[in-house]
>>> print(open('model37.pdb').read())   # PDB, C-alpha atoms
ATOM      1  CA  MET A  11      -8.163   2.093  -8.590
ATOM      2  CA  MET A  12     -10.494   2.578  -5.649
ATOM      3  CA  SER A  13     -10.187   1.759  -1.955
ATOM      4  CA  HIS A  14     -12.790   0.624   0.542
ATOM      5  CA  MET A  15     -11.905   3.849   2.364
ATOM      6  CA  ASP A  16     -13.345   5.749  -0.595
ATOM      7  CA  VAL A  17     -16.792   4.178  -0.211
ATOM      8  CA  TRP A  18     -17.971   6.495   2.568
ATOM      9  CA  PRO A  19     -17.032   9.867   0.983
ATOM     10  CA  THR A  20     -18.167   8.623  -2.433
ATOM     11  CA  THR A  21     -21.555   7.444  -1.155
ATOM     12  CA  ALA A  22     -21.992  10.593   0.930
ATOM     13  CA  ALA A  23     -21.396  12.817  -2.100
ATOM     14  CA  MET A  24     -23.860  10.821  -4.197
ATOM     15  CA  VAL A  25     -26.651  11.386  -1.672
ATOM     16  CA  GLY A  26     -25.857  15.064  -1.178
ATOM     17  CA  LEU A  27     -23.867  14.886   2.060
ATOM     18  CA  LYS A  28     -20.449  16.365   2.701
ATOM     19  CA  SER A  29     -17.612  14.221   4.005
ATOM     20  CA  PRO A  30     -14.116  15.202   5.107
ATOM     21  CA  THR A  31     -11.610  15.787   2.329
ATOM     22  CA  LYS A  32      -8.509  13.641   2.030
ATOM     23  CA  GLY A  33      -5.694  14.666   4.361
ATOM     24  CA  GLU A  34      -5.578  16.341   7.747
ATOM     25  CA  THR A  35      -8.941  17.144   9.291
ATOM     26  CA  LEU A  36     -10.774  17.061  12.636
ATOM     27  CA  ASP A  37     -12.929  14.282  14.009
ATOM     28  CA  ASN A  38     -16.332  14.781  15.643
ATOM     29  CA  ASN A  39     -14.608  15.678  18.911
ATOM     30  CA  GLY A  40     -12.404  18.313  17.312
ATOM     31  CA  LYS A  41      -9.251  16.207  17.498
ATOM     32  CA  PRO A  42      -6.857  16.124  14.520
ATOM     33  CA  ILE A  43      -6.933  12.983  12.399
ATOM     34  CA  TYR A  44      -5.732  11.915   8.968
ATOM     35  CA  PHE A  45      -8.611  11.000   6.657
ATOM     36  CA  ASP A  46      -7.633   8.824   3.704
ATOM     37  CA  GLY A  47     -10.979   8.521   1.921
ATOM     38  CA  ILE A  48     -11.523  10.146  -1.485
ATOM     39  CA  ASP A  49     -14.771  11.267  -3.090
ATOM     40  CA  ASN A  50     -14.865   9.171  -6.265
ATOM     41  CA  SER A  51     -18.497   9.885  -7.179
ATOM     42  CA  ALA A  52     -17.624  11.510 -10.509
ATOM     43  CA  TYR A  53     -15.839   8.355 -11.645
ATOM     44  CA  VAL A  54     -18.532   6.015 -10.313
ATOM     45  CA  THR A  55     -21.286   7.934 -12.117
ATOM     46  CA  GLY A  56     -19.329   8.141 -15.378
ATOM     47  CA  LYS A  57     -18.678  11.892 -15.261
ATOM     48  CA  ALA A  58     -14.898  11.428 -15.036
ATOM     49  CA  ASN A  59     -12.634   9.291 -17.194
ATOM     50  CA  HIS A  60     -10.447   8.186 -14.329
ATOM     51  CA  SER A  61     -10.576   7.422 -10.646
ATOM     52  CA  ALA A  62      -9.789  10.321  -8.330
ATOM     53  CA  ARG A  63      -7.405   8.064  -6.389
ATOM     54  CA  ASP A  64      -3.915   8.289  -7.855
ATOM     55  CA  GLY A  65      -1.853   6.448  -5.265
ATOM     56  CA  TRP A  66      -1.874   3.470  -2.948
ATOM     57  CA  ILE A  67       0.540   2.195  -0.300
ATOM     58  CA  TYR A  68       0.855  -1.560   0.283
ATOM     59  CA  ILE A  69       1.439  -2.538   3.903
ATOM     60  CA  ASP A  70       1.558  -6.114   5.182
ATOM     61  CA  GLY A  71       0.840  -5.835   8.880
ATOM     62  CA  GLU A  72       3.379  -3.181   9.860
ATOM     63  CA  ASN A  73       5.797  -3.768   6.981
ATOM     64  CA  PHE A  74       5.986  -1.479   3.966
ATOM     65  CA  SER A  75       5.722  -3.641   0.845
ATOM     66  CA  GLY A  76       5.191  -1.331  -2.083
ATOM     67  CA  VAL A  77       3.488   1.633  -3.676
ATOM     68  CA  ARG A  78       1.299   2.250  -6.711
ATOM     69  CA  ALA A  79       0.933   5.466  -8.690
ATOM     70  CA  ASP A  80      -1.531   6.105 -11.523
ATOM     71  CA  ILE A  81      -0.298   8.794 -13.898
ATOM     72  CA  ALA A  82      -2.368  10.685 -16.488
ATOM     73  CA  LEU A  83      -0.227  13.477 -17.857
ATOM     74  CA  ASP A  84      -0.550  13.281 -21.629
ATOM     75  CA  PRO A  85      -2.886  16.082 -22.846
ATOM     76  CA  GLU A  86      -3.121  14.350 -26.220
ATOM     77  CA  ALA A  87      -4.317  11.114 -24.625
ATOM     78  CA  PRO A  88      -6.807  12.069 -21.873
ATOM     79  CA  ASP A  89      -8.288   8.567 -21.818
ATOM     80  CA  ILE A  90      -4.992   6.958 -20.810
ATOM     81  CA  LYS A  91      -3.925   6.667 -17.209
ATOM     82  CA  MET A  92      -0.845   4.504 -16.693
ATOM     83  CA  ALA A  93      -0.651   2.450 -13.521
ATOM     84  CA  TRP A  94       2.791   1.881 -12.037
ATOM     85  CA  LYS A  95       3.662  -0.373  -9.117
ATOM     86  CA  ALA A  96       6.904  -0.819  -7.180
ATOM     87  CA  LEU A  97       7.145  -3.857  -4.906
ATOM     88  CA  TYR A  98       9.825  -4.121  -2.245
ATOM     89  CA  SER A  99       8.814  -7.607  -1.089
ATOM     90  CA  SER A 100       7.345 -10.751  -2.543
ATOM     91  CA  LYS A 101       6.346 -14.260  -1.516
ATOM     92  CA  ASP A 102       7.323 -17.606  -2.935
ATOM     93  CA  THR A 103       3.710 -18.707  -2.600
ATOM     94  CA  TRP A 104       0.584 -16.899  -1.470
ATOM     95  CA  MET A 105       1.126 -18.132   2.088
ATOM     96  CA  GLY A 106       4.897 -18.446   1.887
ATOM     97  CA  ALA A 107       7.655 -16.512   3.551
ATOM     98  CA  THR A 108       8.112 -12.863   2.618
ATOM     99  CA  LEU A 109      11.240 -12.123   0.628
ATOM    100  CA  SER A 110      12.798  -8.705   0.996
ATOM    101  CA  MET A 111      13.945  -7.028  -2.200
ATOM    102  CA  GLY A 112      16.107  -4.575  -0.281
ATOM    103  CA  ALA A 113      16.456  -1.054  -1.658
ATOM    104  CA  VAL A 114      15.759  -2.055  -5.267
ATOM    105  CA  PRO A 115      12.119  -2.985  -5.913
ATOM    106  CA  SER A 116      10.450  -4.827  -8.717
ATOM    107  CA  VAL A 117       8.709  -2.329 -11.004
ATOM    108  CA  TYR A 118       5.619  -3.154 -13.046
ATOM    109  CA  ASN A 119       3.455  -1.255 -15.500
ATOM    110  CA  LEU A 120       0.043  -2.589 -14.499
ATOM    111  CA  THR A 121      -1.685  -1.043 -17.501
ATOM    112  CA  MET A 122       0.322  -3.181 -19.908
ATOM    113  CA  ASP A 123       1.227  -5.977 -17.485
ATOM    114  CA  PRO A 124      -1.700  -6.494 -15.068
ATOM    115  CA  TYR A 125      -0.413  -9.904 -13.939
ATOM    116  CA  GLU A 126       3.009  -8.503 -12.978
ATOM    117  CA  LYS A 127       4.956 -10.892 -15.168
ATOM    118  CA  TYR A 128       7.600  -8.442 -16.419
ATOM    119  CA  ASP A 129       9.873  -6.795 -13.883
ATOM    120  CA  MET A 130      10.892  -3.540 -15.567
ATOM    121  CA  MET A 131      13.665  -2.827 -13.091
ATOM    122  CA  PHE A 132      15.678  -5.743 -14.440
ATOM    123  CA  ASN A 133      14.266  -5.599 -17.938
ATOM    124  CA  GLY A 134      12.382  -8.847 -17.450
ATOM    125  CA  ALA A 135      15.642 -10.705 -16.850
ATOM    126  CA  VAL A 136      14.330 -12.579 -13.839
ATOM    127  CA  ALA A 137      12.185 -15.453 -15.027
ATOM    128  CA  THR A 138      10.393 -15.932 -11.714
ATOM    129  CA  ARG A 139       8.726 -13.450  -9.409
ATOM    130  CA  ASN A 140      11.101 -14.409  -6.609
ATOM    131  CA  PRO A 141      14.726 -14.226  -7.722
ATOM    132  CA  THR A 142      16.992 -16.537  -5.772
ATOM    133  CA  SER A 143      19.923 -14.252  -6.461
ATOM    134  CA  SER A 144      20.581 -11.139  -8.499
ATOM    135  CA  PRO A 145      24.125 -11.772  -9.863
ATOM    136  CA  GLY A 146      24.077 -13.134 -13.373
ATOM    137  CA  ARG A 147      20.440 -12.260 -13.968
ATOM    138  CA  TYR A 148      20.744  -8.558 -14.683
ATOM    139  CA  SER A 149      20.414  -7.926 -18.398
ATOM    140  CA  GLY A 150      22.453  -4.743 -18.481
ATOM    141  CA  MET A 151      19.501  -2.364 -18.802
ATOM    142  CA  ASP A 152      17.031  -1.149 -16.225
ATOM    143  CA  ASN A 153      14.114   1.237 -15.994
ATOM    144  CA  GLY A 154      14.972   2.881 -12.700
ATOM    145  CA  TRP A 155      13.458   6.142 -13.956
ATOM    146  CA  ALA A 156      10.045   4.602 -13.255
ATOM    147  CA  LEU A 157      10.724   4.905  -9.527
ATOM    148  CA  SER A 158      10.390   8.692  -9.815
ATOM    149  CA  LEU A 159       6.702   8.171 -10.620
ATOM    150  CA  ILE A 160       5.970   6.778  -7.174
ATOM    151  CA  ASP A 161       7.508   9.719  -5.327
ATOM    152  CA  ILE A 162       4.206  11.616  -5.108
ATOM    153  CA  PRO A 163       2.111   9.014  -3.211
ATOM    154  CA  LEU A 164       5.156   7.801  -1.267
ATOM    155  CA  GLY A 165       6.100  11.315  -0.176
ATOM    156  CA  GLU A 166       2.520  12.030   0.868
ATOM    157  CA  PHE A 167       2.446   8.819   2.897
ATOM    158  CA  ASN A 168       5.772   9.566   4.590
ATOM    159  CA  MET A 169       4.570  13.019   5.635
ATOM    160  CA  SER A 170       1.352  11.561   7.032
ATOM    161  CA  ILE A 171       3.005   8.967   9.276
ATOM    162  CA  ILE A 172       5.371  11.548  10.738
ATOM    163  CA  LYS A 173       2.412  13.371  12.269
ATOM    164  CA  TYR A 174       0.055  10.392  12.526
ATOM    165  CA  PRO A 175       2.228   7.337  13.308
ATOM    166  CA  ASN A 176       0.994   3.781  13.075
ATOM    167  CA  ILE A 177      -0.718   2.093  16.004
ATOM    168  CA  GLU A 178       1.887   0.836  18.478
ATOM    169  CA  ARG A 179       2.277  -2.915  18.780
ATOM    170  CA  PHE A 180       4.736  -5.277  20.363
ATOM    171  CA  PRO A 181       5.550  -8.777  19.108
ATOM    172  CA  GLY A 182       3.897 -11.817  20.559
ATOM    173  CA  GLY A 183       3.488 -15.467  19.710
ATOM    174  CA  ALA A 184      -0.242 -15.630  19.067
ATOM    175  CA  SER A 185      -1.741 -16.501  15.708
ATOM    176  CA  THR A 186      -3.857 -13.369  16.067
ATOM    177  CA  ASP A 187      -0.866 -11.009  16.184
ATOM    178  CA  MET A 188      -1.820  -9.498  12.864
ATOM    179  CA  ILE A 189      -5.323  -8.596  14.088
ATOM    180  CA  PRO A 190      -4.875  -5.377  16.085
ATOM    181  CA  ASN A 191      -7.271  -4.317  18.825
ATOM    182  CA  LEU A 192      -8.029  -0.789  17.669
ATOM    183  CA  GLN A 193      -9.792   0.004  20.934
ATOM    184  CA  ASN A 194      -6.506  -0.287  22.806
ATOM    185  CA  PRO A 195      -3.689   1.060  20.582
ATOM    186  CA  LYS A 196      -1.082   0.825  23.348
ATOM    187  CA  ASN A 197      -1.681  -2.903  23.735
ATOM    188  CA  PRO A 198      -3.531  -3.964  20.590
ATOM    189  CA  LEU A 199      -2.891  -7.686  20.923
ATOM    190  CA  PRO A 200      -5.956  -9.631  22.121
ATOM    191  CA  TYR A 201      -4.004 -10.920  25.081
ATOM    192  CA  ASP A 202      -1.334  -9.701  27.480
ATOM    193  CA  PRO A 203       1.882 -11.626  26.737
ATOM    194  CA  ILE A 204       3.290 -10.673  30.138
ATOM    195  CA  LYS A 205       0.604 -12.774  31.837
ATOM    196  CA  VAL A 206       0.989 -15.774  29.565
ATOM    197  CA  PRO A 207       2.519 -18.680  31.530
ATOM    198  CA  LYS A 208       5.988 -19.692  30.416
ATOM    199  CA  THR A 209       6.379 -23.105  28.859
ATOM    200  CA  VAL A 210       9.387 -25.392  28.835
ATOM    201  CA  GLY A 211      10.246 -27.255  25.652
ATOM    202  CA  MET A 212      11.608 -30.767  25.793
ATOM    203  CA  GLY A 213      13.526 -32.583  23.113
ATOM    204  CA  GLY A 214      14.380 -36.201  22.598
ATOM    205  CA  GLY A 215      17.879 -37.523  23.027
TER     206      GLY A 215
END
>>> encode(input="model37.pdb", output="structure tokens")
Amino acid sequence: MMSHMDVWPTTAAMVGLKSPTKGETLDNNGKPIYFDGIDNSAYVTGKANHSARDGWIYIDGENFSGVRADIALDPEAPDIKMAWKALYSSKDTWMGATLSMGAVPSVYNLTMDPYEKYDMMFNGAVATRNPTSSPGRYSGMDNGWALSLIDIPLGEFNMSIIKYPNIERFPGGASTDMIPNLQNPKNPLPYDPIKVPKTVGMGGG
């Protein structure tokens, strides 16, 4: 696992430059920021067996969708790093409506199930990725213990957004709502909805 945010610190390290370390740091103006890039040069150059990135948070726009945690804890199997993923939302098609899973996510072992076909939380009882209902589909055995594996990256993320909250946005009706204007965090939409003329809808009788 590697993020585009890791490219800068990884490239910097490979050419002998020093980049900020992951976590709280200061920007060029001395202001506190949260830097989420990781130096992954050892993995890229083959000096490390695994990526230095162990966790990833999935966010769709402003909605939390899931979390991934890569675990390598077996001293007798240093080459193995198990990838776990918990998804709290899904879609009926790639462009379809988002379905909320509520408090119980789908859990996948990506190392053994890279295509996310087997939901471990319900022991593979749900035949489709988007259950229409949960009653009658639970097989009587779950793997809820796997959720404890995501606590490390999820806890780190929760602590980070307390001090460094997301960019503020307000809802609008434009197709570009999901493209924030990072130069104006207080009003990141590319237009001012207050100044948009009101329209009147008309229906047939």
>>> resolve_selection(input="model37.pdb", expression="the PyMOL selection byres ((chain A and resi 121) around 8)", output="list in words")
Met92, Ala93, Trp94, Asn119, Leu120, Met122, Asp123 and Pro124 of chain A
>>> atom_distance(input="model37.pdb", atom1="atom CA of A:Gly65", atom2="atom CA of A:Ala23")
20.8 Å
>>> atom_distance(input="model37.pdb", atom1="atom CA of A:Val17", atom2="atom CA of A:Gly47")
7.6 Å
>>> atom_distance(input="model37.pdb", atom1="atom CA of A:Thr31", atom2="atom CA of A:Ala62")
12.1 Å
>>> resolve_selection(input="model37.pdb", expression="the PyMOL selection byres ((chain A and resi 32) around 7)", output="list in words")
Pro30, Thr31, Gly33, Glu34, Phe45, Asp46, Gly47 and Ile48 of chain A
>>> closest_residue(input="model37.pdb", among="A:Tyr118, A:Tyr98, A:Phe167, A:Trp18", to="A:Trp66", atoms="all atoms listed in the file")
A:Phe167
>>> closest_residue(input="model37.pdb", among="A:Met12, A:Asp84, A:Asp37, A:Arg78", to="A:Asn50", atoms="only C-alpha atoms")
A:Met12
>>> closest_residue(input="model37.pdb", among="A:Ser116, A:Asp89, A:Gly40, A:Asn168", to="A:His60", atoms="only C-alpha atoms")
A:Asp89
>>> resolve_selection(input="model37.pdb", expression="the PyMOL selection byres ((chain A and resi 51) around 12)", output="PyMOL selection string")
chain A and resi 12+16-28+47-50+52-63
>>> build_atoms(input="model37.pdb", residues="stretch 35-46 of chain A", atoms="all heavy atoms", output="PDB file, in the coordinates of the input")
ATOM      1  N   THR A  35      -7.630  16.573   8.972  1.00  0.00           N
ATOM      2  CA  THR A  35      -8.941  17.144   9.291  1.00  0.00           C
ATOM      3  C   THR A  35      -9.197  16.924  10.774  1.00  0.00           C
ATOM      4  O   THR A  35      -8.317  16.473  11.509  1.00  0.00           O
ATOM      5  CB  THR A  35     -10.035  16.494   8.424  1.00  0.00           C
ATOM      6  OG1 THR A  35     -11.284  17.152   8.660  1.00  0.00           O
ATOM      7  CG2 THR A  35     -10.180  15.016   8.719  1.00  0.00           C
ATOM      8  N   LEU A  36     -10.398  17.240  11.231  1.00  0.00           N
ATOM      9  CA  LEU A  36     -10.774  17.061  12.636  1.00  0.00           C
ATOM     10  C   LEU A  36     -11.890  16.043  12.742  1.00  0.00           C
ATOM     11  O   LEU A  36     -12.777  15.972  11.893  1.00  0.00           O
ATOM     12  CB  LEU A  36     -11.230  18.392  13.243  1.00  0.00           C
ATOM     13  CG  LEU A  36     -10.207  19.537  13.235  1.00  0.00           C
ATOM     14  CD1 LEU A  36     -10.834  20.803  13.805  1.00  0.00           C
ATOM     15  CD2 LEU A  36      -8.960  19.161  14.024  1.00  0.00           C
ATOM     16  N   ASP A  37     -11.857  15.235  13.799  1.00  0.00           N
ATOM     17  CA  ASP A  37     -12.929  14.282  14.009  1.00  0.00           C
ATOM     18  C   ASP A  37     -14.107  14.974  14.682  1.00  0.00           C
ATOM     19  O   ASP A  37     -14.128  16.195  14.860  1.00  0.00           O
ATOM     20  CB  ASP A  37     -12.440  13.070  14.820  1.00  0.00           C
ATOM     21  CG  ASP A  37     -12.038  13.433  16.249  1.00  0.00           C
ATOM     22  OD1 ASP A  37     -12.316  14.573  16.691  1.00  0.00           O
ATOM     23  OD2 ASP A  37     -11.455  12.571  16.932  1.00  0.00           O
ATOM     24  N   ASN A  38     -15.116  14.204  15.059  1.00  0.00           N
ATOM     25  CA  ASN A  38     -16.332  14.781  15.643  1.00  0.00           C
ATOM     26  C   ASN A  38     -16.075  15.439  16.993  1.00  0.00           C
ATOM     27  O   ASN A  38     -16.889  16.231  17.468  1.00  0.00           O
ATOM     28  CB  ASN A  38     -17.400  13.695  15.799  1.00  0.00           C
ATOM     29  CG  ASN A  38     -17.887  13.204  14.451  1.00  0.00           C
ATOM     30  OD1 ASN A  38     -17.813  13.926  13.456  1.00  0.00           O
ATOM     31  ND2 ASN A  38     -18.377  11.972  14.404  1.00  0.00           N
ATOM     32  N   ASN A  39     -14.947  15.089  17.624  1.00  0.00           N
ATOM     33  CA  ASN A  39     -14.608  15.678  18.911  1.00  0.00           C
ATOM     34  C   ASN A  39     -13.610  16.826  18.775  1.00  0.00           C
ATOM     35  O   ASN A  39     -13.108  17.328  19.777  1.00  0.00           O
ATOM     36  CB  ASN A  39     -14.036  14.610  19.845  1.00  0.00           C
ATOM     37  CG  ASN A  39     -15.045  13.506  20.119  1.00  0.00           C
ATOM     38  OD1 ASN A  39     -16.224  13.779  20.350  1.00  0.00           O
ATOM     39  ND2 ASN A  39     -14.588  12.258  20.092  1.00  0.00           N
ATOM     40  N   GLY A  40     -13.332  17.214  17.537  1.00  0.00           N
ATOM     41  CA  GLY A  40     -12.404  18.313  17.312  1.00  0.00           C
ATOM     42  C   GLY A  40     -10.940  17.939  17.382  1.00  0.00           C
ATOM     43  O   GLY A  40     -10.080  18.809  17.391  1.00  0.00           O
ATOM     44  N   LYS A  41     -10.642  16.640  17.424  1.00  0.00           N
ATOM     45  CA  LYS A  41      -9.251  16.207  17.498  1.00  0.00           C
ATOM     46  C   LYS A  41      -8.706  15.976  16.088  1.00  0.00           C
ATOM     47  O   LYS A  41      -9.428  15.502  15.204  1.00  0.00           O
ATOM     48  CB  LYS A  41      -9.151  14.914  18.310  1.00  0.00           C
ATOM     49  CG  LYS A  41      -9.538  15.079  19.774  1.00  0.00           C
ATOM     50  CD  LYS A  41      -9.375  13.766  20.526  1.00  0.00           C
ATOM     51  CE  LYS A  41      -9.735  13.927  21.993  1.00  0.00           C
ATOM     52  NZ  LYS A  41      -9.580  12.651  22.746  1.00  0.00           N
ATOM     53  N   PRO A  42      -7.427  16.294  15.861  1.00  0.00           N
ATOM     54  CA  PRO A  42      -6.857  16.124  14.520  1.00  0.00           C
ATOM     55  C   PRO A  42      -6.694  14.655  14.143  1.00  0.00           C
ATOM     56  O   PRO A  42      -6.263  13.835  14.959  1.00  0.00           O
ATOM     57  CB  PRO A  42      -5.501  16.827  14.625  1.00  0.00           C
ATOM     58  CG  PRO A  42      -5.161  16.791  16.077  1.00  0.00           C
ATOM     59  CD  PRO A  42      -6.467  16.885  16.810  1.00  0.00           C
ATOM     60  N   ILE A  43      -7.083  14.329  12.939  1.00  0.00           N
ATOM     61  CA  ILE A  43      -6.933  12.983  12.399  1.00  0.00           C
ATOM     62  C   ILE A  43      -6.483  13.095  10.953  1.00  0.00           C
ATOM     63  O   ILE A  43      -6.501  14.173  10.369  1.00  0.00           O
ATOM     64  CB  ILE A  43      -8.248  12.165  12.461  1.00  0.00           C
ATOM     65  CG1 ILE A  43      -9.323  12.855  11.596  1.00  0.00           C
ATOM     66  CG2 ILE A  43      -8.707  11.952  13.884  1.00  0.00           C
ATOM     67  CD1 ILE A  43     -10.584  12.025  11.420  1.00  0.00           C
ATOM     68  N   TYR A  44      -6.067  11.960  10.387  1.00  0.00           N
ATOM     69  CA  TYR A  44      -5.732  11.915   8.968  1.00  0.00           C
ATOM     70  C   TYR A  44      -6.781  11.068   8.270  1.00  0.00           C
ATOM     71  O   TYR A  44      -6.914   9.884   8.546  1.00  0.00           O
ATOM     72  CB  TYR A  44      -4.342  11.321   8.751  1.00  0.00           C
ATOM     73  CG  TYR A  44      -3.857  11.480   7.322  1.00  0.00           C
ATOM     74  CD1 TYR A  44      -3.182  12.625   6.929  1.00  0.00           C
ATOM     75  CD2 TYR A  44      -4.089  10.492   6.368  1.00  0.00           C
ATOM     76  CE1 TYR A  44      -2.744  12.801   5.625  1.00  0.00           C
ATOM     77  CE2 TYR A  44      -3.658  10.654   5.063  1.00  0.00           C
ATOM     78  CZ  TYR A  44      -2.983  11.804   4.695  1.00  0.00           C
ATOM     79  OH  TYR A  44      -2.563  11.957   3.408  1.00  0.00           O
ATOM     80  N   PHE A  45      -7.529  11.684   7.369  1.00  0.00           N
ATOM     81  CA  PHE A  45      -8.611  11.000   6.657  1.00  0.00           C
ATOM     82  C   PHE A  45      -8.111  10.590   5.275  1.00  0.00           C
ATOM     83  O   PHE A  45      -7.633  11.425   4.508  1.00  0.00           O
ATOM     84  CB  PHE A  45      -9.819  11.934   6.531  1.00  0.00           C
ATOM     85  CG  PHE A  45     -11.034  11.281   5.929  1.00  0.00           C
ATOM     86  CD1 PHE A  45     -11.790  10.378   6.661  1.00  0.00           C
ATOM     87  CD2 PHE A  45     -11.418  11.570   4.628  1.00  0.00           C
ATOM     88  CE1 PHE A  45     -12.913   9.785   6.111  1.00  0.00           C
ATOM     89  CE2 PHE A  45     -12.532  10.975   4.065  1.00  0.00           C
ATOM     90  CZ  PHE A  45     -13.284  10.077   4.810  1.00  0.00           C
ATOM     91  N   ASP A  46      -8.207   9.317   4.956  1.00  0.00           N
ATOM     92  CA  ASP A  46      -7.633   8.824   3.704  1.00  0.00           C
ATOM     93  C   ASP A  46      -8.695   8.417   2.689  1.00  0.00           C
ATOM     94  O   ASP A  46      -8.393   7.726   1.719  1.00  0.00           O
ATOM     95  CB  ASP A  46      -6.711   7.630   3.982  1.00  0.00           C
ATOM     96  CG  ASP A  46      -5.763   7.382   2.814  1.00  0.00           C
ATOM     97  OD1 ASP A  46      -5.522   8.322   2.034  1.00  0.00           O
ATOM     98  OD2 ASP A  46      -5.283   6.251   2.672  1.00  0.00           O
TER      99      ASP A  46
END
